[in-house]
2 protein chains.
Amino acid sequence: MCPVSTSRQYHHGDLRSALVASASKLLQKQGLAALSLREAARRAGVSHNAPYRHFADREALLAAVAEDGFRLLALRLEDAGLGGGRDLGEAYVAFALEHPQLFRLMFGGQIPIDRYPALREQASRAHGALSKAFSGVGSERDAANAAAAAWSLVHGLAQLLLDGHLPRAGGADPRAFAHEVIGAIRFAVGAQRSA
Amino acid sequence: MCPVSTSRQYHHGDLRSALVASASKLLQKQGLAALSLREAARRAGVSHNAPYRHFADREALLAAVAEDGFRLLALRLEDAGLGGGRDLGEAYVAFALEHPQLFRLMFGGQIPIDRYPALREQASRAHGALSKAFSGVGSERDAANAAAAAWSLVHGLAQLLLDGHLPRAGGADPRAFAHEVIGAIRFAVGAQRSA
DNA sequence: GCGGGATGTTGACACTGGGCACATCCTTAT
DNA sequence: ATAAGGATGTGCCCAGTGTCAACATCCCGC
């Protein structure tokens, strides 16, 4: 399929990777709207139609970029997993803040995940890293729900921070703010009970 | 040349509203990618450049649609607010599930909110409706953080449900699932403490 | 009336995603 | 080694889009 290291280059060598790379850079610098197939091709030094040999359409290229994103996120979470649930959450938010555009692409609903098995797999990996921290809580179902709730919490926090919806009470440092908010969920739970 | 112009009104009457309406419908039915200025104009029965008398560019039209979305969300939350924090959360998720595309537009980061004061105001209104439920919790700062945490939780849950990231354990009904997950946050808090 | 500003229209340009036929190069079987 | 054949990349084409500029039409205050 994809001869990796041994053979000489045909025309470009590894256009697929080059395209994903230039697309990622483009996404990070200029945002999703500016990410065009043609521009990515231009930066990779090939004609505007060459990408179609590697990606069915623009969406497929986006999916490849997102897949890389999920892979990176999963790695981060697996690293942070040793520190417990709260560290996981902060790592999640940190990832989003470091790669805002990438994060939006990954969760922006632009890509129908089920159509890209490789994408789904990396996403599941990230999911798994989060779930593991809650595997010992109550029944199996309780654990799954707790994991879903925790994921929701940190995911929503990341998203709202990116969109500038949360007036950051905790000063300039978003990481500290995230720490504070994640901790404050217990107050919310309390209020919920009393209501 | 169309010399017959008696029945056909040259001035549309309220083109701005008509454009927002057709854009909303378009968004809901076909998704953000299919929402073009030209198509919206076409559906409003007007030439492809007429929108520019009311919107500086495509983004401004999107902002107007999103503004309507926030207005609707705020209303929903204000209605649900009487029932307490948990009802609020479920109303939030329900809104997202009923208007998936609109919700994504509102929070997809496509629109720089700060550039559209009217948008910001409606968004703040929704925020306020959520915050009110936590106004009595601990110190003022605790309350703000609790509100942020609660918002994050339901927002993340909505987003993850829309993207199909959460395998729904609770059967077919997403509303019941949302109820369950929101309730499960306390397990997550417990796990967090013990970690 | 009538002139000016708001509103719509037509035309044009650059750009994009995507399809087609053709050129180029590598690999493999003969 | 060489010819067949498939993988890879190129050009040219088309429809659709956002946006600008010039022009047409309408409505309101003088």
# chains A, B, ... in the order shown; residues from 1 in each chain; ligands from 1
>>> select_by_dssp(residues="segment 23-142 of chain A", states="alpha helix (DSSP H)", output="JSON, numbers by chain")
{"A": [23, 24, 25, 26, 27, 28, 29, 30, 37, 38, 39, 40, 41, 42, 43, 44, 58, 59, 60, 61, 62, 63, 64, 65, 66, 67, 68, 69, 70, 71, 72, 73, 74, 75, 76, 77, 78, 79, 80, 85, 86, 87, 88, 89, 90, 91, 92, 93, 94, 95, 96, 97, 98, 100, 101, 102, 103, 104, 105, 106, 107, 117, 118, 119, 120, 121, 122, 123, 124, 125, 126, 127, 128, 129, 130, 131, 132, 140, 141, 142]}
>>> write_last_selection(atoms="C-alpha atoms", output="PDB file, in the first residue's frame")
ATOM      1  CA  ALA A  23      -3.138  21.263   6.074  1.00  0.00           C
ATOM      2  CA  SER A  24      -2.487  21.091   9.810  1.00  0.00           C
ATOM      3  CA  LYS A  25      -0.224  24.096   9.689  1.00  0.00           C
ATOM      4  CA  LEU A  26      -2.738  25.974   7.626  1.00  0.00           C
ATOM      5  CA  LEU A  27      -5.527  25.103  10.011  1.00  0.00           C
ATOM      6  CA  GLN A  28      -3.548  26.198  13.011  1.00  0.00           C
ATOM      7  CA  LYS A  29      -2.488  29.492  11.491  1.00  0.00           C
ATOM      8  CA  GLN A  30      -5.482  30.611   9.504  1.00  0.00           C
ATOM      9  CA  LEU A  37      -7.451  21.657  -0.711  1.00  0.00           C
ATOM     10  CA  ARG A  38      -5.825  23.853  -3.274  1.00  0.00           C
ATOM     11  CA  GLU A  39      -3.848  25.855  -0.761  1.00  0.00           C
ATOM     12  CA  ALA A  40      -2.646  22.691   0.922  1.00  0.00           C
ATOM     13  CA  ALA A  41      -1.573  21.359  -2.452  1.00  0.00           C
ATOM     14  CA  ARG A  42       0.164  24.624  -3.259  1.00  0.00           C
ATOM     15  CA  ARG A  43       2.167  24.470  -0.050  1.00  0.00           C
ATOM     16  CA  ALA A  44       3.121  20.895  -0.743  1.00  0.00           C
ATOM     17  CA  ARG A  58     -11.876  17.864   1.148  1.00  0.00           C
ATOM     18  CA  GLU A  59     -13.687  16.177   3.979  1.00  0.00           C
ATOM     19  CA  ALA A  60     -11.349  13.199   3.833  1.00  0.00           C
ATOM     20  CA  LEU A  61      -8.362  15.481   4.238  1.00  0.00           C
ATOM     21  CA  LEU A  62     -10.003  17.150   7.208  1.00  0.00           C
ATOM     22  CA  ALA A  63     -10.670  13.721   8.666  1.00  0.00           C
ATOM     23  CA  ALA A  64      -6.997  12.844   8.367  1.00  0.00           C
ATOM     24  CA  VAL A  65      -6.001  16.029  10.154  1.00  0.00           C
ATOM     25  CA  ALA A  66      -8.557  15.376  12.884  1.00  0.00           C
ATOM     26  CA  GLU A  67      -7.309  11.839  13.223  1.00  0.00           C
ATOM     27  CA  ASP A  68      -3.838  13.122  13.966  1.00  0.00           C
ATOM     28  CA  GLY A  69      -5.401  15.427  16.503  1.00  0.00           C
ATOM     29  CA  PHE A  70      -7.152  12.584  18.304  1.00  0.00           C
ATOM     30  CA  ARG A  71      -3.957  10.576  18.308  1.00  0.00           C
ATOM     31  CA  LEU A  72      -2.140  13.431  19.974  1.00  0.00           C
ATOM     32  CA  LEU A  73      -4.933  13.955  22.471  1.00  0.00           C
ATOM     33  CA  ALA A  74      -5.004  10.279  23.367  1.00  0.00           C
ATOM     34  CA  LEU A  75      -1.278  10.345  24.023  1.00  0.00           C
ATOM     35  CA  ARG A  76      -1.602  13.347  26.257  1.00  0.00           C
ATOM     36  CA  LEU A  77      -4.416  11.775  28.223  1.00  0.00           C
ATOM     37  CA  GLU A  78      -2.621   8.481  28.589  1.00  0.00           C
ATOM     38  CA  ASP A  79       0.349  10.369  29.982  1.00  0.00           C
ATOM     39  CA  ALA A  80      -1.773  12.365  32.392  1.00  0.00           C
ATOM     40  CA  GLY A  85      -9.118  12.209  37.265  1.00  0.00           C
ATOM     41  CA  ARG A  86      -8.455  15.830  37.896  1.00  0.00           C
ATOM     42  CA  ASP A  87      -5.108  15.881  36.118  1.00  0.00           C
ATOM     43  CA  LEU A  88      -6.781  14.210  33.197  1.00  0.00           C
ATOM     44  CA  GLY A  89      -9.315  16.984  32.993  1.00  0.00           C
ATOM     45  CA  GLU A  90      -6.706  19.668  33.102  1.00  0.00           C
ATOM     46  CA  ALA A  91      -4.678  17.937  30.435  1.00  0.00           C
ATOM     47  CA  TYR A  92      -7.778  17.823  28.266  1.00  0.00           C
ATOM     48  CA  VAL A  93      -8.420  21.523  28.636  1.00  0.00           C
ATOM     49  CA  ALA A  94      -4.763  22.321  28.109  1.00  0.00           C
ATOM     50  CA  PHE A  95      -4.773  20.417  24.858  1.00  0.00           C
ATOM     51  CA  ALA A  96      -7.777  22.366  23.632  1.00  0.00           C
ATOM     52  CA  LEU A  97      -6.217  25.684  24.526  1.00  0.00           C
ATOM     53  CA  GLU A  98      -2.945  24.806  22.856  1.00  0.00           C
ATOM     54  CA  PRO A 100      -7.832  25.657  19.420  1.00  0.00           C
ATOM     55  CA  GLN A 101      -8.463  25.262  15.722  1.00  0.00           C
ATOM     56  CA  LEU A 102      -7.569  21.611  15.730  1.00  0.00           C
ATOM     57  CA  PHE A 103      -9.832  20.987  18.685  1.00  0.00           C
ATOM     58  CA  ARG A 104     -12.714  22.718  16.917  1.00  0.00           C
ATOM     59  CA  LEU A 105     -12.152  20.623  13.840  1.00  0.00           C
ATOM     60  CA  MET A 106     -12.144  17.462  15.915  1.00  0.00           C
ATOM     61  CA  PHE A 107     -15.405  18.287  17.651  1.00  0.00           C
ATOM     62  CA  PRO A 117     -12.975   4.178  10.825  1.00  0.00           C
ATOM     63  CA  ALA A 118      -9.418   5.298  11.497  1.00  0.00           C
ATOM     64  CA  LEU A 119     -10.755   8.514  12.938  1.00  0.00           C
ATOM     65  CA  ARG A 120     -13.226   6.701  15.121  1.00  0.00           C
ATOM     66  CA  GLU A 121     -10.532   4.451  16.441  1.00  0.00           C
ATOM     67  CA  GLN A 122      -8.322   7.279  17.606  1.00  0.00           C
ATOM     68  CA  ALA A 123     -11.319   9.040  19.120  1.00  0.00           C
ATOM     69  CA  SER A 124     -12.199   5.885  20.996  1.00  0.00           C
ATOM     70  CA  ARG A 125      -8.672   5.659  22.270  1.00  0.00           C
ATOM     71  CA  ALA A 126      -8.964   9.112  23.780  1.00  0.00           C
ATOM     72  CA  HIS A 127     -12.329   8.142  25.222  1.00  0.00           C
ATOM     73  CA  GLY A 128     -10.799   5.032  26.751  1.00  0.00           C
ATOM     74  CA  ALA A 129      -8.036   6.983  28.451  1.00  0.00           C
ATOM     75  CA  LEU A 130     -10.658   9.109  30.155  1.00  0.00           C
ATOM     76  CA  SER A 131     -12.917   6.232  31.100  1.00  0.00           C
ATOM     77  CA  LYS A 132     -10.163   4.271  32.762  1.00  0.00           C
ATOM     78  CA  GLU A 140     -20.439  -0.719  35.608  1.00  0.00           C
ATOM     79  CA  ARG A 141     -23.178   1.542  34.430  1.00  0.00           C
ATOM     80  CA  ASP A 142     -22.450   4.099  37.109  1.00  0.00           C
TER      81      ASP A 142
END
>>> residues_around(residues="segment 6-22 of chain D", least_positions_apart="2", cutoff="10 Å", atoms="only C-alpha atoms (C1' of nucleotides)", output="PyMOL selection string")
(chain A and resi 10-12+15+46-54) or (chain B and resi 36-39+49+52+56-58) or (chain C and resi 10-27) or (chain D and resi 4+24)
>>> calpha_fit_and_write(fixed="chain A", moving="chain B", output="PDB file with C-alpha atoms, in the first residue's frame")
ATOM      1  CA  MET B   1       7.339  18.749 -20.399  1.00  0.00           C
ATOM      2  CA  CYS B   2       9.953  17.883 -17.872  1.00  0.00           C
ATOM      3  CA  PRO B   3      12.363  15.358 -19.365  1.00  0.00           C
ATOM      4  CA  VAL B   4      14.752  15.767 -16.429  1.00  0.00           C
ATOM      5  CA  SER B   5      13.452  13.352 -13.875  1.00  0.00           C
ATOM      6  CA  THR B   6      16.453  11.667 -12.327  1.00  0.00           C
ATOM      7  CA  SER B   7      16.740  13.454  -8.998  1.00  0.00           C
ATOM      8  CA  ARG B   8      13.052  14.078  -8.535  1.00  0.00           C
ATOM      9  CA  GLN B   9      11.248  11.020  -7.285  1.00  0.00           C
ATOM     10  CA  TYR B  10       8.027  10.288  -9.049  1.00  0.00           C
ATOM     11  CA  HIS B  11       6.763   8.326  -6.120  1.00  0.00           C
ATOM     12  CA  HIS B  12       6.750  10.324  -2.986  1.00  0.00           C
ATOM     13  CA  GLY B  13       7.429   7.536  -0.539  1.00  0.00           C
ATOM     14  CA  ASP B  14       4.861   8.142   2.112  1.00  0.00           C
ATOM     15  CA  LEU B  15       2.542  10.725   0.742  1.00  0.00           C
ATOM     16  CA  ARG B  16      -0.307   9.841   3.048  1.00  0.00           C
ATOM     17  CA  SER B  17       1.621  10.743   6.178  1.00  0.00           C
ATOM     18  CA  ALA B  18       3.097  13.789   4.516  1.00  0.00           C
ATOM     19  CA  LEU B  19      -0.379  15.031   3.647  1.00  0.00           C
ATOM     20  CA  VAL B  20      -1.705  14.489   7.140  1.00  0.00           C
ATOM     21  CA  ALA B  21       1.326  16.308   8.514  1.00  0.00           C
ATOM     22  CA  SER B  22       1.024  19.314   6.242  1.00  0.00           C
ATOM     23  CA  ALA B  23      -2.716  19.418   6.794  1.00  0.00           C
ATOM     24  CA  SER B  24      -2.198  19.409  10.555  1.00  0.00           C
ATOM     25  CA  LYS B  25       0.271  22.213  10.364  1.00  0.00           C
ATOM     26  CA  LEU B  26      -2.033  24.160   8.111  1.00  0.00           C
ATOM     27  CA  LEU B  27      -4.954  23.641  10.428  1.00  0.00           C
ATOM     28  CA  GLN B  28      -2.994  24.765  13.434  1.00  0.00           C
ATOM     29  CA  LYS B  29      -1.625  27.877  11.778  1.00  0.00           C
ATOM     30  CA  GLN B  30      -4.452  29.097   9.608  1.00  0.00           C
ATOM     31  CA  GLY B  31      -7.600  27.435  10.865  1.00  0.00           C
ATOM     32  CA  LEU B  32     -10.044  25.022   9.404  1.00  0.00           C
ATOM     33  CA  ALA B  33     -11.310  27.303   6.671  1.00  0.00           C
ATOM     34  CA  ALA B  34      -7.828  27.608   5.195  1.00  0.00           C
ATOM     35  CA  LEU B  35      -7.260  23.888   5.202  1.00  0.00           C
ATOM     36  CA  SER B  36      -7.717  22.899   1.575  1.00  0.00           C
ATOM     37  CA  LEU B  37      -6.784  19.701  -0.165  1.00  0.00           C
ATOM     38  CA  ARG B  38      -4.894  21.640  -2.778  1.00  0.00           C
ATOM     39  CA  GLU B  39      -2.843  23.607  -0.304  1.00  0.00           C
ATOM     40  CA  ALA B  40      -1.947  20.471   1.604  1.00  0.00           C
ATOM     41  CA  ALA B  41      -0.835  18.867  -1.642  1.00  0.00           C
ATOM     42  CA  ARG B  42       1.174  21.939  -2.541  1.00  0.00           C
ATOM     43  CA  ARG B  43       3.026  21.852   0.762  1.00  0.00           C
ATOM     44  CA  ALA B  44       3.748  18.186   0.311  1.00  0.00           C
ATOM     45  CA  GLY B  45       5.291  19.066  -3.049  1.00  0.00           C
ATOM     46  CA  VAL B  46       2.821  17.102  -5.070  1.00  0.00           C
ATOM     47  CA  SER B  47       0.202  17.787  -7.690  1.00  0.00           C
ATOM     48  CA  HIS B  48      -3.239  18.944  -6.657  1.00  0.00           C
ATOM     49  CA  ASN B  49      -4.863  15.627  -7.440  1.00  0.00           C
ATOM     50  CA  ALA B  50      -2.399  13.264  -5.854  1.00  0.00           C
ATOM     51  CA  PRO B  51      -4.240  13.243  -2.511  1.00  0.00           C
ATOM     52  CA  TYR B  52      -7.116  11.395  -4.125  1.00  0.00           C
ATOM     53  CA  ARG B  53      -4.980   8.266  -4.257  1.00  0.00           C
ATOM     54  CA  HIS B  54      -5.017   8.267  -0.461  1.00  0.00           C
ATOM     55  CA  PHE B  55      -8.180  10.045   0.574  1.00  0.00           C
ATOM     56  CA  ALA B  56     -11.608   9.712  -0.948  1.00  0.00           C
ATOM     57  CA  ASP B  57     -12.326  13.387  -0.410  1.00  0.00           C
ATOM     58  CA  ARG B  58     -11.542  16.351   1.754  1.00  0.00           C
ATOM     59  CA  GLU B  59     -13.570  14.976   4.609  1.00  0.00           C
ATOM     60  CA  ALA B  60     -11.438  11.837   4.707  1.00  0.00           C
ATOM     61  CA  LEU B  61      -8.305  13.925   5.097  1.00  0.00           C
ATOM     62  CA  LEU B  62      -9.913  15.871   7.915  1.00  0.00           C
ATOM     63  CA  ALA B  63     -10.869  12.591   9.522  1.00  0.00           C
ATOM     64  CA  ALA B  64      -7.259  11.440   9.406  1.00  0.00           C
ATOM     65  CA  VAL B  65      -6.092  14.660  11.044  1.00  0.00           C
ATOM     66  CA  ALA B  66      -8.770  14.354  13.704  1.00  0.00           C
ATOM     67  CA  GLU B  67      -7.774  10.742  14.279  1.00  0.00           C
ATOM     68  CA  ASP B  68      -4.248  11.845  15.061  1.00  0.00           C
ATOM     69  CA  GLY B  69      -5.724  14.386  17.424  1.00  0.00           C
ATOM     70  CA  PHE B  70      -7.693  11.781  19.321  1.00  0.00           C
ATOM     71  CA  ARG B  71      -4.649   9.576  19.501  1.00  0.00           C
ATOM     72  CA  LEU B  72      -2.682  12.381  21.074  1.00  0.00           C
ATOM     73  CA  LEU B  73      -5.502  13.238  23.464  1.00  0.00           C
ATOM     74  CA  ALA B  74      -5.824   9.623  24.543  1.00  0.00           C
ATOM     75  CA  LEU B  75      -2.108   9.484  25.295  1.00  0.00           C
ATOM     76  CA  ARG B  76      -2.294  12.632  27.355  1.00  0.00           C
ATOM     77  CA  LEU B  77      -5.230  11.351  29.336  1.00  0.00           C
ATOM     78  CA  GLU B  78      -3.677   7.977  29.921  1.00  0.00           C
ATOM     79  CA  ASP B  79      -0.627   9.737  31.282  1.00  0.00           C
ATOM     80  CA  ALA B  80      -2.653  12.009  33.520  1.00  0.00           C
ATOM     81  CA  GLY B  81      -4.956   9.233  34.628  1.00  0.00           C
ATOM     82  CA  LEU B  82      -2.693   8.173  37.469  1.00  0.00           C
ATOM     83  CA  GLY B  83      -3.208  11.476  39.206  1.00  0.00           C
ATOM     84  CA  GLY B  84      -6.953  11.055  39.682  1.00  0.00           C
ATOM     85  CA  GLY B  85     -10.075  12.593  38.218  1.00  0.00           C
ATOM     86  CA  ARG B  86      -9.183  16.213  38.676  1.00  0.00           C
ATOM     87  CA  ASP B  87      -5.819  15.950  36.968  1.00  0.00           C
ATOM     88  CA  LEU B  88      -7.538  14.224  34.098  1.00  0.00           C
ATOM     89  CA  GLY B  89      -9.882  17.127  33.700  1.00  0.00           C
ATOM     90  CA  GLU B  90      -7.105  19.648  33.725  1.00  0.00           C
ATOM     91  CA  ALA B  91      -5.137  17.649  31.201  1.00  0.00           C
ATOM     92  CA  TYR B  92      -8.206  17.606  28.964  1.00  0.00           C
ATOM     93  CA  VAL B  93      -8.610  21.360  29.125  1.00  0.00           C
ATOM     94  CA  ALA B  94      -4.885  21.890  28.651  1.00  0.00           C
ATOM     95  CA  PHE B  95      -4.957  19.805  25.497  1.00  0.00           C
ATOM     96  CA  ALA B  96      -7.795  21.861  24.091  1.00  0.00           C
ATOM     97  CA  LEU B  97      -6.025  25.130  24.863  1.00  0.00           C
ATOM     98  CA  GLU B  98      -2.778  23.948  23.304  1.00  0.00           C
ATOM     99  CA  HIS B  99      -4.441  22.740  20.123  1.00  0.00           C
ATOM    100  CA  PRO B 100      -7.511  24.899  19.721  1.00  0.00           C
ATOM    101  CA  GLN B 101      -8.063  24.340  16.025  1.00  0.00           C
ATOM    102  CA  LEU B 102      -7.441  20.641  16.255  1.00  0.00           C
ATOM    103  CA  PHE B 103      -9.821  20.350  19.178  1.00  0.00           C
ATOM    104  CA  ARG B 104     -12.507  22.156  17.228  1.00  0.00           C
ATOM    105  CA  LEU B 105     -12.020  19.873  14.286  1.00  0.00           C
ATOM    106  CA  MET B 106     -12.300  16.825  16.522  1.00  0.00           C
ATOM    107  CA  PHE B 107     -15.535  17.969  18.115  1.00  0.00           C
ATOM    108  CA  GLY B 108     -16.922  20.419  15.623  1.00  0.00           C
ATOM    109  CA  GLY B 109     -19.350  17.998  14.071  1.00  0.00           C
ATOM    110  CA  GLN B 110     -17.827  18.470  10.636  1.00  0.00           C
ATOM    111  CA  ILE B 111     -16.859  14.832  10.459  1.00  0.00           C
ATOM    112  CA  PRO B 112     -19.428  12.049  10.704  1.00  0.00           C
ATOM    113  CA  ILE B 113     -17.435   9.893  13.083  1.00  0.00           C
ATOM    114  CA  ASP B 114     -19.322   6.713  12.445  1.00  0.00           C
ATOM    115  CA  ARG B 115     -18.160   6.683   8.872  1.00  0.00           C
ATOM    116  CA  TYR B 116     -14.522   6.442   9.930  1.00  0.00           C
ATOM    117  CA  PRO B 117     -13.884   3.386  12.110  1.00  0.00           C
ATOM    118  CA  ALA B 118     -10.273   4.292  12.836  1.00  0.00           C
ATOM    119  CA  LEU B 119     -11.432   7.677  14.070  1.00  0.00           C
ATOM    120  CA  ARG B 120     -14.116   6.129  16.220  1.00  0.00           C
ATOM    121  CA  GLU B 121     -11.588   3.800  17.767  1.00  0.00           C
ATOM    122  CA  GLN B 122      -9.206   6.543  18.848  1.00  0.00           C
ATOM    123  CA  ALA B 123     -12.110   8.574  20.172  1.00  0.00           C
ATOM    124  CA  SER B 124     -13.247   5.607  22.196  1.00  0.00           C
ATOM    125  CA  ARG B 125      -9.768   5.213  23.562  1.00  0.00           C
ATOM    126  CA  ALA B 126      -9.853   8.752  24.898  1.00  0.00           C
ATOM    127  CA  HIS B 127     -13.290   8.107  26.300  1.00  0.00           C
ATOM    128  CA  GLY B 128     -12.024   4.994  28.009  1.00  0.00           C
ATOM    129  CA  ALA B 129      -9.171   6.829  29.671  1.00  0.00           C
ATOM    130  CA  LEU B 130     -11.677   9.213  31.205  1.00  0.00           C
ATOM    131  CA  SER B 131     -14.138   6.541  32.235  1.00  0.00           C
ATOM    132  CA  LYS B 132     -11.554   4.492  34.065  1.00  0.00           C
ATOM    133  CA  ALA B 133     -11.235   7.138  36.741  1.00  0.00           C
ATOM    134  CA  PHE B 134     -14.892   6.609  37.702  1.00  0.00           C
ATOM    135  CA  SER B 135     -15.103   2.868  37.448  1.00  0.00           C
ATOM    136  CA  GLY B 136     -15.482   2.374  41.171  1.00  0.00           C
ATOM    137  CA  VAL B 137     -18.366   4.744  41.758  1.00  0.00           C
ATOM    138  CA  GLY B 138     -21.709   3.269  42.796  1.00  0.00           C
ATOM    139  CA  SER B 139     -23.455   0.925  40.392  1.00  0.00           C
ATOM    140  CA  GLU B 140     -22.169   0.355  36.913  1.00  0.00           C
ATOM    141  CA  ARG B 141     -24.746   2.720  35.553  1.00  0.00           C
ATOM    142  CA  ASP B 142     -23.877   5.368  38.116  1.00  0.00           C
ATOM    143  CA  ALA B 143     -20.254   5.045  37.140  1.00  0.00           C
ATOM    144  CA  ALA B 144     -21.061   5.453  33.462  1.00  0.00           C
ATOM    145  CA  ASN B 145     -23.199   8.475  34.189  1.00  0.00           C
ATOM    146  CA  ALA B 146     -20.575   9.975  36.447  1.00  0.00           C
ATOM    147  CA  ALA B 147     -17.973   9.552  33.723  1.00  0.00           C
ATOM    148  CA  ALA B 148     -20.308  11.146  31.206  1.00  0.00           C
ATOM    149  CA  ALA B 149     -20.940  14.026  33.568  1.00  0.00           C
ATOM    150  CA  ALA B 150     -17.250  14.548  34.254  1.00  0.00           C
ATOM    151  CA  TRP B 151     -16.446  14.412  30.575  1.00  0.00           C
ATOM    152  CA  SER B 152     -19.223  16.875  29.854  1.00  0.00           C
ATOM    153  CA  LEU B 153     -17.894  19.244  32.469  1.00  0.00           C
ATOM    154  CA  VAL B 154     -14.342  19.394  31.195  1.00  0.00           C
ATOM    155  CA  HIS B 155     -15.382  19.289  27.574  1.00  0.00           C
ATOM    156  CA  GLY B 156     -17.781  22.154  27.976  1.00  0.00           C
ATOM    157  CA  LEU B 157     -15.226  24.122  29.933  1.00  0.00           C
ATOM    158  CA  ALA B 158     -12.646  23.647  27.200  1.00  0.00           C
ATOM    159  CA  GLN B 159     -15.072  24.651  24.504  1.00  0.00           C
ATOM    160  CA  LEU B 160     -16.335  27.726  26.299  1.00  0.00           C
ATOM    161  CA  LEU B 161     -12.799  28.846  27.071  1.00  0.00           C
ATOM    162  CA  LEU B 162     -11.798  28.461  23.435  1.00  0.00           C
ATOM    163  CA  ASP B 163     -14.732  30.518  22.287  1.00  0.00           C
ATOM    164  CA  GLY B 164     -14.010  33.240  24.824  1.00  0.00           C
ATOM    165  CA  HIS B 165     -17.380  32.858  26.474  1.00  0.00           C
ATOM    166  CA  LEU B 166     -16.080  32.675  29.991  1.00  0.00           C
ATOM    167  CA  PRO B 167     -14.784  35.899  31.472  1.00  0.00           C
ATOM    168  CA  ARG B 168     -11.733  34.545  33.228  1.00  0.00           C
ATOM    169  CA  ALA B 169     -12.035  35.520  36.836  1.00  0.00           C
ATOM    170  CA  GLY B 170      -8.855  33.721  37.829  1.00  0.00           C
ATOM    171  CA  GLY B 171      -6.492  36.125  36.162  1.00  0.00           C
ATOM    172  CA  ALA B 172      -4.464  35.433  33.078  1.00  0.00           C
ATOM    173  CA  ASP B 173      -3.652  31.769  33.544  1.00  0.00           C
ATOM    174  CA  PRO B 174      -6.367  29.645  31.977  1.00  0.00           C
ATOM    175  CA  ARG B 175      -5.035  26.497  33.589  1.00  0.00           C
ATOM    176  CA  ALA B 176      -5.511  27.937  37.055  1.00  0.00           C
ATOM    177  CA  PHE B 177      -8.960  29.093  36.041  1.00  0.00           C
ATOM    178  CA  ALA B 178      -9.831  25.617  34.856  1.00  0.00           C
ATOM    179  CA  HIS B 179      -8.684  24.204  38.175  1.00  0.00           C
ATOM    180  CA  GLU B 180     -10.868  26.642  40.023  1.00  0.00           C
ATOM    181  CA  VAL B 181     -13.974  26.053  37.922  1.00  0.00           C
ATOM    182  CA  ILE B 182     -13.677  22.285  38.086  1.00  0.00           C
ATOM    183  CA  GLY B 183     -13.473  22.592  41.826  1.00  0.00           C
ATOM    184  CA  ALA B 184     -16.509  24.868  41.899  1.00  0.00           C
ATOM    185  CA  ILE B 185     -18.781  22.216  40.479  1.00  0.00           C
ATOM    186  CA  ARG B 186     -19.576  21.158  44.008  1.00  0.00           C
ATOM    187  CA  PHE B 187     -21.121  24.567  44.708  1.00  0.00           C
ATOM    188  CA  ALA B 188     -23.254  24.090  41.648  1.00  0.00           C
ATOM    189  CA  VAL B 189     -24.325  20.693  42.902  1.00  0.00           C
ATOM    190  CA  GLY B 190     -25.261  22.249  46.209  1.00  0.00           C
ATOM    191  CA  ALA B 191     -27.337  24.931  44.544  1.00  0.00           C
ATOM    192  CA  GLN B 192     -28.982  22.317  42.438  1.00  0.00           C
ATOM    193  CA  ARG B 193     -30.018  20.327  45.474  1.00  0.00           C
ATOM    194  CA  SER B 194     -31.474  23.286  47.257  1.00  0.00           C
ATOM    195  CA  ALA B 195     -33.448  24.396  44.216  1.00  0.00           C
TER     196      ALA B 195
END
>>> closest_atom_pairs(of="chain C", to="chain B", cutoff="9 Å", atoms="only C-alpha atoms (C1' of nucleotides)", output="JSON lines")
{"residue": "C:DA6", "atom": "C1'", "partner": "B:Arg53", "partner_atom": "CA", "distance": 8.9}
{"residue": "C:DT7", "atom": "C1'", "partner": "B:His11", "partner_atom": "CA", "distance": 6.5}
{"residue": "C:DG8", "atom": "C1'", "partner": "B:Ala50", "partner_atom": "CA", "distance": 5.7}
{"residue": "C:DT9", "atom": "C1'", "partner": "B:Ser47", "partner_atom": "CA", "distance": 6.6}
>>> write_last_selection(atoms="C-alpha atoms (C1' of nucleotides)", output="PDB file, in the first residue's frame")
ATOM      1  C1'  DA C   6     -32.106  53.763   1.071  1.00  0.00           C
ATOM      2  C1'  DT C   7     -32.862  49.613  -1.263  1.00  0.00           C
ATOM      3  C1'  DG C   8     -32.339  46.078  -5.275  1.00  0.00           C
ATOM      4  C1'  DT C   9     -30.313  44.698  -9.742  1.00  0.00           C
TER       5       DT C   9
END
>>> decode(residues="segment 12-26 of chain D", atoms="C-alpha atoms (C1' of nucleotides)", output="JSON list (two decimals), in the first residue's frame")
[["chain", "number", "residue", "atom", "x", "y", "z"],
["D", 12, "DC", "C1'", -8.20, 22.15, -18.66],
["D", 13, "DC", "C1'", -13.10, 22.56, -17.67],
["D", 14, "DC", "C1'", -17.35, 23.57, -15.07],
["D", 15, "DA", "C1'", -20.65, 25.15, -11.52],
["D", 16, "DG", "C1'", -21.02, 27.66, -7.42],
["D", 17, "DT", "C1'", -19.58, 31.24, -4.09],
["D", 18, "DG", "C1'", -18.26, 35.86, -1.81],
["D", 19, "DT", "C1'", -17.49, 40.39, -2.89],
["D", 20, "DC", "C1'", -16.87, 44.84, -5.50],
["D", 21, "DA", "C1'", -18.58, 48.53, -8.69],
["D", 22, "DA", "C1'", -21.96, 50.75, -11.51],
["D", 23, "DC", "C1'", -26.62, 51.34, -12.39],
["D", 24, "DA", "C1'", -31.89, 51.28, -11.56],
["D", 25, "DT", "C1'", -35.82, 52.05, -8.74],
["D", 26, "DC", "C1'", -38.47, 53.49, -5.01]]
